[in-house]
>>> print(open('start.cif').read())   # mmCIF, C-alpha atoms and all ligand atoms
data_my_file
#
loop_
_atom_site.label_atom_id
_atom_site.label_comp_id
_atom_site.auth_asym_id
_atom_site.auth_seq_id
_atom_site.Cartn_x
_atom_site.Cartn_y
_atom_site.Cartn_z
CA MET A 1 17.33 62.22 219.84
CA LEU A 2 19.33 65.30 218.89
CA THR A 3 19.71 66.58 222.44
CA ASP A 4 22.52 68.86 221.23
CA LEU A 5 20.24 70.59 218.72
CA ALA A 6 20.01 73.89 220.62
CA ALA A 7 23.81 73.98 220.98
CA ALA A 8 24.15 73.32 217.25
CA CYS A 9 21.73 76.16 216.45
CA ARG A 10 23.60 78.59 218.71
CA LYS A 11 26.67 78.19 216.50
CA SER A 12 24.72 80.27 213.96
CA GLY A 13 24.97 83.33 216.22
CA LEU A 14 21.17 83.75 215.90
CA THR A 15 18.77 84.18 218.82
CA VAL A 16 17.72 80.68 219.91
CA VAL A 17 14.56 80.05 221.93
CA GLU A 18 14.18 76.59 223.48
CA LEU A 19 10.59 75.46 223.94
CA PRO A 20 9.99 73.73 227.26
CA GLY A 21 10.34 69.95 226.93
CA TRP A 22 12.00 70.00 223.50
CA GLN A 23 14.73 67.61 224.64
CA THR A 24 12.27 64.73 225.07
CA ARG A 25 9.70 65.69 222.42
CA SER A 26 9.29 63.17 219.59
CA ARG A 27 6.81 61.16 217.59
CA PRO A 28 6.37 57.74 219.23
CA THR A 29 9.00 55.15 218.30
CA LEU A 30 6.31 53.00 216.67
CA SER A 31 5.86 55.68 213.98
CA GLY A 32 9.46 55.21 212.85
CA GLY A 33 13.04 56.12 213.67
CA PHE A 34 15.05 59.33 213.50
CA SER A 35 18.65 59.35 212.36
CA PRO A 36 19.02 62.43 210.16
CA SER A 37 21.78 63.08 207.65
CA GLY A 38 20.37 66.28 206.18
CA VAL A 39 18.07 69.27 206.57
CA LEU A 40 14.64 69.63 204.96
CA CYS A 41 13.47 73.21 204.38
CA HIS A 42 9.81 74.19 204.56
CA HIS A 43 7.63 77.27 204.77
CA THR A 44 4.63 77.29 207.11
CA GLY A 45 2.41 78.78 204.41
CA GLY A 46 0.70 81.18 206.77
CA ALA A 47 0.96 84.76 207.98
CA SER A 48 1.45 83.66 211.60
CA ASP A 49 4.71 84.59 213.22
CA SER A 50 4.12 84.10 216.90
CA ARG A 51 5.27 82.03 219.82
CA GLU A 52 1.72 80.62 220.02
CA TYR A 53 2.01 79.29 216.48
CA VAL A 54 5.36 77.66 217.28
CA ASP A 55 3.86 76.09 220.40
CA TRP A 56 1.02 74.73 218.26
CA MET A 57 3.48 73.17 215.78
CA ALA A 58 5.51 71.67 218.62
CA THR A 59 2.77 70.34 220.87
CA VAL A 60 -0.61 70.21 219.09
CA GLY A 61 -0.38 69.79 215.33
CA ARG A 62 -3.24 68.97 212.99
CA SER A 63 -5.95 66.40 213.58
CA ASP A 64 -4.58 64.41 210.65
CA LEU A 65 -0.94 65.17 211.44
CA PRO A 66 0.01 65.09 215.12
CA ALA A 67 2.81 67.21 216.60
CA PRO A 68 5.65 67.78 216.62
CA LEU A 69 5.52 69.13 213.04
CA CYS A 70 9.18 70.13 212.95
CA GLN A 71 12.39 70.05 214.97
CA LEU A 72 13.02 73.77 214.36
CA SER A 73 11.12 76.87 213.33
CA LEU A 74 12.52 80.13 211.99
CA GLY A 75 10.78 83.44 212.58
CA ARG A 76 10.69 86.30 210.10
CA ASN A 77 13.07 88.24 212.35
CA GLY A 78 15.58 85.36 212.30
CA THR A 79 14.74 83.89 215.72
CA VAL A 80 15.26 80.13 215.91
CA TYR A 81 12.78 78.06 217.93
CA VAL A 82 13.87 74.61 219.09
CA CYS A 83 10.73 72.44 219.13
CA ALA A 84 11.78 68.79 219.29
CA ALA A 85 14.90 66.66 219.64
CA GLY A 86 13.21 63.61 218.17
CA ARG A 87 11.25 62.51 215.14
CA ALA A 88 8.71 65.01 213.78
CA ASN A 89 5.91 64.91 211.18
CA HIS A 90 7.23 67.22 208.48
CA GLY A 91 8.37 65.34 205.42
CA GLY A 92 6.29 62.25 204.64
CA THR A 93 7.76 60.00 201.98
CA ALA A 94 10.89 61.31 200.28
CA ARG A 95 12.12 60.73 196.78
CA ALA A 96 15.86 60.80 196.16
CA THR A 97 17.30 64.27 195.61
CA GLY A 98 20.92 65.31 195.11
CA PRO A 99 23.07 62.98 197.25
CA MET A 100 20.17 62.13 199.56
CA PRO A 101 18.39 58.79 199.20
CA ALA A 102 14.67 58.10 198.90
CA GLY A 103 12.83 56.90 201.99
CA ASP A 104 11.18 58.16 205.15
CA ALA A 105 11.83 61.92 205.20
CA ASN A 106 11.05 62.07 208.92
CA TYR A 107 13.91 59.62 209.49
CA LEU A 108 16.36 61.23 207.05
CA TYR A 109 15.97 64.94 207.79
CA VAL A 110 15.87 67.59 210.46
CA GLY A 111 12.82 69.68 209.52
CA ILE A 112 12.84 73.48 209.63
CA GLU A 113 9.50 75.30 209.32
CA ALA A 114 10.27 78.88 208.33
CA MET A 115 7.38 81.22 209.06
CA ASN A 116 6.64 82.48 205.57
CA THR A 117 3.65 82.25 203.25
CA GLY A 118 5.85 81.02 200.41
CA SER A 119 4.62 83.74 198.08
CA GLU A 120 5.73 86.80 200.09
CA GLY A 121 9.42 86.37 199.25
CA TRP A 122 12.31 86.30 201.72
CA THR A 123 13.60 89.41 203.42
CA ALA A 124 17.39 89.69 203.66
CA THR A 125 17.02 89.13 207.41
CA GLN A 126 15.11 85.86 207.15
CA TYR A 127 17.12 84.59 204.16
CA ASP A 128 20.41 85.25 205.92
CA ALA A 129 19.13 83.58 209.10
CA TYR A 130 17.96 80.51 207.10
CA VAL A 131 21.43 80.22 205.53
CA ARG A 132 23.22 80.62 208.85
CA LEU A 133 20.96 78.12 210.61
CA CYS A 134 21.47 75.46 207.92
CA ALA A 135 25.22 76.15 207.87
CA ALA A 136 25.41 75.76 211.65
CA LEU A 137 23.58 72.41 211.49
CA CYS A 138 25.80 71.16 208.63
CA GLU A 139 28.89 72.31 210.50
CA HIS A 140 27.83 70.70 213.78
CA TYR A 141 26.69 67.37 212.38
CA GLY A 142 29.32 67.10 209.62
CA TRP A 143 26.96 67.32 206.62
CA PRO A 144 27.83 69.07 203.35
CA ALA A 145 25.56 71.84 202.04
CA SER A 146 24.28 69.42 199.39
CA HIS A 147 22.39 67.60 202.16
CA VAL A 148 20.13 70.64 202.60
CA ARG A 149 17.04 70.01 200.46
CA ALA A 150 13.71 71.67 199.83
CA HIS A 151 10.47 69.88 200.63
CA ARG A 152 9.54 70.38 196.96
CA GLU A 153 12.68 68.39 196.03
CA THR A 154 11.68 65.37 198.13
CA SER A 155 7.88 65.52 198.03
CA VAL A 156 5.98 62.79 196.23
CA THR A 157 2.70 64.66 196.70
CA GLY A 158 3.51 67.93 194.93
CA LYS A 159 4.53 70.16 197.86
CA TRP A 160 6.02 73.42 196.61
CA ASP A 161 7.75 74.71 199.72
CA PRO A 162 9.78 76.67 200.46
CA GLY A 163 8.27 78.97 197.84
CA LEU A 164 10.49 81.48 196.03
CA LEU A 165 13.65 80.08 197.61
CA ASP A 166 16.25 79.34 194.90
CA MET A 167 17.80 76.18 196.34
CA ASP A 168 20.94 76.23 194.18
CA ARG A 169 21.77 79.75 195.33
CA PHE A 170 20.73 78.83 198.88
CA ARG A 171 23.06 75.80 198.99
CA THR A 172 25.93 77.83 197.52
CA ASP A 173 25.44 80.45 200.24
CA ILE A 174 25.37 77.71 202.89
CA ALA A 175 28.56 76.14 201.50
CA ASN A 176 30.23 79.56 201.59
CA ALA A 177 29.07 80.10 205.18
CA ILE A 178 30.46 76.71 206.22
CA ALA A 179 33.75 77.39 204.48
CA GLN A 180 33.99 80.82 206.11
CA GLU A 181 33.48 79.20 209.49
CA ASP A 182 36.40 76.89 208.71
CA ASP A 183 38.51 79.80 207.41
CA MET A 184 38.72 77.93 204.14
CA THR A 185 37.55 78.81 200.65
CA PRO A 186 34.90 76.49 199.14
CA ALA A 187 37.60 75.09 196.84
CA GLU A 188 39.90 74.37 199.78
CA TYR A 189 37.04 72.79 201.69
CA GLN A 190 36.24 70.51 198.73
CA LYS A 191 39.92 69.62 198.39
CA LEU A 192 40.08 68.59 202.04
CA ALA A 193 36.89 66.51 201.71
CA ASP A 194 38.30 64.79 198.63
CA ALA A 195 41.63 64.13 200.37
CA GLN A 196 39.91 62.62 203.40
CA THR A 197 37.76 60.38 201.23
CA ALA A 198 40.77 59.33 199.14
CA LYS A 199 42.74 58.47 202.30
CA ILE A 200 39.94 56.21 203.51
CA LEU A 201 39.54 54.51 200.14
CA GLU A 202 43.29 53.90 199.95
CA ALA A 203 43.32 52.41 203.44
CA VAL A 204 40.61 49.97 202.42
CA THR A 205 42.25 49.06 199.11
CA ASN A 206 45.68 48.53 200.68
CA GLN A 207 44.35 45.81 202.91
CA GLY A 208 44.16 43.67 199.75
CA GLU A 209 43.81 39.94 200.10
CA LYS A 210 44.79 39.95 203.74
CA THR A 211 41.51 41.56 204.57
CA ARG A 212 38.82 39.22 205.69
CA ALA A 213 35.37 39.50 204.14
CA ARG A 214 33.90 40.83 207.35
CA GLN A 215 36.45 43.63 207.56
CA ILE A 216 35.76 44.62 203.96
CA LYS A 217 32.05 44.63 204.65
CA THR A 218 32.40 46.84 207.73
CA ALA A 219 34.86 49.19 206.04
CA SER A 220 32.70 49.47 202.94
CA ARG A 221 29.77 50.50 205.07
CA ILE A 222 31.83 53.26 206.69
CA VAL A 223 33.15 54.41 203.32
CA ALA A 224 29.60 54.54 201.99
CA THR A 225 28.67 56.80 204.89
CA ILE A 226 31.66 59.03 204.22
CA LYS A 227 30.76 59.26 200.53
CA ARG A 228 27.18 60.10 201.43
CA ASN A 229 28.31 62.82 203.85
CA GLY A 230 30.89 64.18 201.43
CA LYS A 231 33.63 64.15 204.06
CA ALA A 232 35.12 61.93 206.72
CA THR A 233 34.77 62.81 210.38
CA GLN A 234 37.31 61.84 213.04
CA ASP A 235 34.77 59.25 214.20
CA ASP A 236 34.62 57.74 210.70
CA ILE A 237 38.40 57.43 210.55
CA ALA A 238 38.55 55.94 214.05
CA ALA A 239 35.78 53.45 213.18
CA LEU A 240 37.55 52.48 209.98
CA GLU A 241 40.90 52.00 211.70
CA GLU A 242 39.19 49.86 214.30
CA ALA A 243 37.42 47.79 211.66
CA LEU A 244 40.65 47.15 209.76
CA ALA A 245 42.61 46.35 212.90
CA GLU A 246 40.26 43.57 214.01
ZN ZN B 301 6.87 71.28 203.79
#
>>> encode(input="start.cif", output="structure tokens", more="lines below")
Ligand SMILES: [Zn+2]
Amino acid sequence: MLTDLAAACRKSGLTVVELPGWQTRSRPTLSGGFSPSGVLCHHTGGASDSREYVDWMATVGRSDLPAPLCQLSLGRNGTVYVCAAGRANHGGTARATGPMPAGDANYLYVGIEAMNTGSEGWTATQYDAYVRLCAALCEHYGWPASHVRAHRETSVTGKWDPGLLDMDRFRTDIANAIAQEDDMTPAEYQKLADAQTAKILEAVTNQGEKTRARQIKTASRIVATIKRNGKATQDDIAALEEALAE
């Protein structure tokens, strides 16, 4: 459960509305797990832009698709609604896209339902808010902008959302927003990510023959995570040091 989701969203500087009970709202465990490493972007497909509609997505859902239908919703005026801390029904089966693997999209991604028909276009207000929200999530959870994907990029059933959103431009804007937050240029940010990854790889390699098979296995798993995330967190480095010190 992402019980820090509202705090993460507030880093965007946007207005954040927490729906009652969001901290414990989730699909039942039997339906699958939830351990996201990216953001999946949707549009609702309708003209609705009301608190009632958000409540419906969070607590009712469709007869064939029970709520919650997303973790977050984004209004046309840039308001962020926090709907659920746990697993939601938004992504179905995912194919691999960019650095993200194929699998259960509801396990892999935090789902954002932006209130937009998909064919109306994106006002500067809503576009900017979408960028800032995704950047805040990436920043908070340590994901690179490349982990932000469109439902149309993961869908195996021909979904086209979010309509009229150029994902390459969107991800570039998110990367710039993250870098700005860090007071670093995108190039500097990439350099730091590369340096962190290189440091970890070197630490693993230097263990050489002394390293027992189990240590290598544990370290490799951590390195794989770092590669997937595009950068190493302090936790990754601590976990790696611990694994190698065993
Ligand atoms: Zn969708």
>>> residues_near_ligand(input="start.cif", ligand="ligand ZN 301 (chain B)", cutoff="7 Å", atoms="only C-alpha atoms and all ligand atoms", output="PDB file with C-alpha atoms, in the frame of the given file")
ATOM      1  CA  CYS A  41      13.470  73.210 204.380  1.00  0.00           C
ATOM      2  CA  HIS A  42       9.810  74.190 204.560  1.00  0.00           C
ATOM      3  CA  HIS A  43       7.630  77.270 204.770  1.00  0.00           C
ATOM      4  CA  HIS A  90       7.230  67.220 208.480  1.00  0.00           C
ATOM      5  CA  GLY A  91       8.370  65.340 205.420  1.00  0.00           C
ATOM      6  CA  HIS A 151      10.470  69.880 200.630  1.00  0.00           C
ATOM      7  CA  LYS A 159       4.530  70.160 197.860  1.00  0.00           C
ATOM      8  CA  ASP A 161       7.750  74.710 199.720  1.00  0.00           C
ATOM      9  CA  PRO A 162       9.780  76.670 200.460  1.00  0.00           C
TER      10      PRO A 162
END
>>> axis_aligned_box(input="start.cif", around="range 15-31 of chain A", padding_each_side="6 Å", output="lines of an AutoDock Vina configuration file")
center_x = 12.3
center_y = 68.6
center_z = 220.6
size_x = 24.9
size_y = 43.2
size_z = 25.3
>>> residues_around(input="start.cif", residues="Ser146 in chain A", least_positions_apart="5", cutoff="12 Å", atoms="all atoms listed in the file", output="PyMOL selection string")
chain A and resi 37-40+97-100+134-135+138+167-176+178+228-231
>>> atom_distance(input="start.cif", atom1="CA of Asp49 in chain A", atom2="CA of Arg76 in chain A")
7.0 Å
>>> closest_residue(input="start.cif", among="A:Leu19, A:Ala219, A:Val54, A:Leu108", to="Ala85 in chain A", atoms="all atoms listed in the file")
A:Leu19
>>> closest_residue(input="start.cif", among="A:Leu14, A:Arg132, A:Lys217, A:Arg87", to="Leu30 in chain A", atoms="all atoms listed in the file")
A:Arg87
>>> closest_residue(input="start.cif", among="A:Ala124, A:Ala7, A:Tyr53, A:Thr157", to="Ala136 in chain A", atoms="only C-alpha atoms")
A:Ala7
>>> closest_residue(input="start.cif", among="A:Leu240, A:Val110, A:Val156, A:Ala96", to="Tyr141 in chain A", atoms="only C-alpha atoms")
A:Val110
>>> closest_residue(input="start.cif", among="A:Ala145, A:Glu120, A:Asp64, A:Pro20", to="Ala177 in chain A", atoms="only C-alpha atoms")
A:Ala145
>>> atom_distance(input="start.cif", atom1="CA of Ser220 in chain A", atom2="CA of Glu241 in chain A")
12.3 Å
>>> closest_residue(input="start.cif", among="A:Thr29, A:Ser35, A:Arg152, A:Val80", to="Thr93 in chain A", atoms="all atoms listed in the file")
A:Arg152
>>> decode(input="start.cif", residues="range 119-135 of chain A", atoms="N, CA and C atoms", output="short mmCIF file (atom, residue, chain, number, x, y, z; two decimals), in the first residue's frame")
data_model
loop_
_atom_site.label_atom_id
_atom_site.label_comp_id
_atom_site.auth_asym_id
_atom_site.auth_seq_id
_atom_site.Cartn_x
_atom_site.Cartn_y
_atom_site.Cartn_z
N SER A 119 -10.24 13.17 -27.01
CA SER A 119 -10.27 13.82 -28.32
C SER A 119 -10.37 15.34 -28.21
N GLU A 120 -10.51 15.84 -26.97
CA GLU A 120 -10.67 17.29 -26.76
C GLU A 120 -9.34 18.02 -26.74
N GLY A 121 -8.23 17.27 -26.62
CA GLY A 121 -6.93 17.92 -26.47
C GLY A 121 -6.66 18.21 -25.01
N TRP A 122 -5.48 18.78 -24.74
CA TRP A 122 -5.06 19.04 -23.36
C TRP A 122 -4.77 20.52 -23.21
N THR A 123 -5.50 21.16 -22.31
CA THR A 123 -5.22 22.57 -22.05
C THR A 123 -3.83 22.66 -21.41
N ALA A 124 -3.22 23.83 -21.49
CA ALA A 124 -1.90 24.03 -20.87
C ALA A 124 -1.99 23.70 -19.39
N THR A 125 -3.11 24.07 -18.76
CA THR A 125 -3.28 23.83 -17.32
C THR A 125 -3.25 22.34 -17.00
N GLN A 126 -4.05 21.55 -17.74
CA GLN A 126 -4.11 20.13 -17.41
C GLN A 126 -2.82 19.40 -17.83
N TYR A 127 -2.25 19.81 -18.97
CA TYR A 127 -1.00 19.19 -19.42
C TYR A 127 0.11 19.43 -18.39
N ASP A 128 0.24 20.67 -17.98
CA ASP A 128 1.28 21.03 -17.02
C ASP A 128 1.08 20.28 -15.70
N ALA A 129 -0.17 20.15 -15.28
CA ALA A 129 -0.46 19.44 -14.03
C ALA A 129 -0.11 17.95 -14.16
N TYR A 130 -0.41 17.38 -15.34
CA TYR A 130 -0.11 15.95 -15.59
C TYR A 130 1.41 15.73 -15.51
N VAL A 131 2.17 16.64 -16.12
CA VAL A 131 3.63 16.56 -16.08
C VAL A 131 4.13 16.65 -14.64
N ARG A 132 3.63 17.66 -13.93
CA ARG A 132 4.12 17.88 -12.55
C ARG A 132 3.75 16.73 -11.62
N LEU A 133 2.55 16.16 -11.83
CA LEU A 133 2.13 15.03 -10.99
C LEU A 133 3.04 13.82 -11.24
N CYS A 134 3.27 13.50 -12.51
CA CYS A 134 4.13 12.36 -12.83
C CYS A 134 5.56 12.60 -12.34
N ALA A 135 6.05 13.83 -12.49
CA ALA A 135 7.40 14.16 -12.02
C ALA A 135 7.51 13.99 -10.51
#
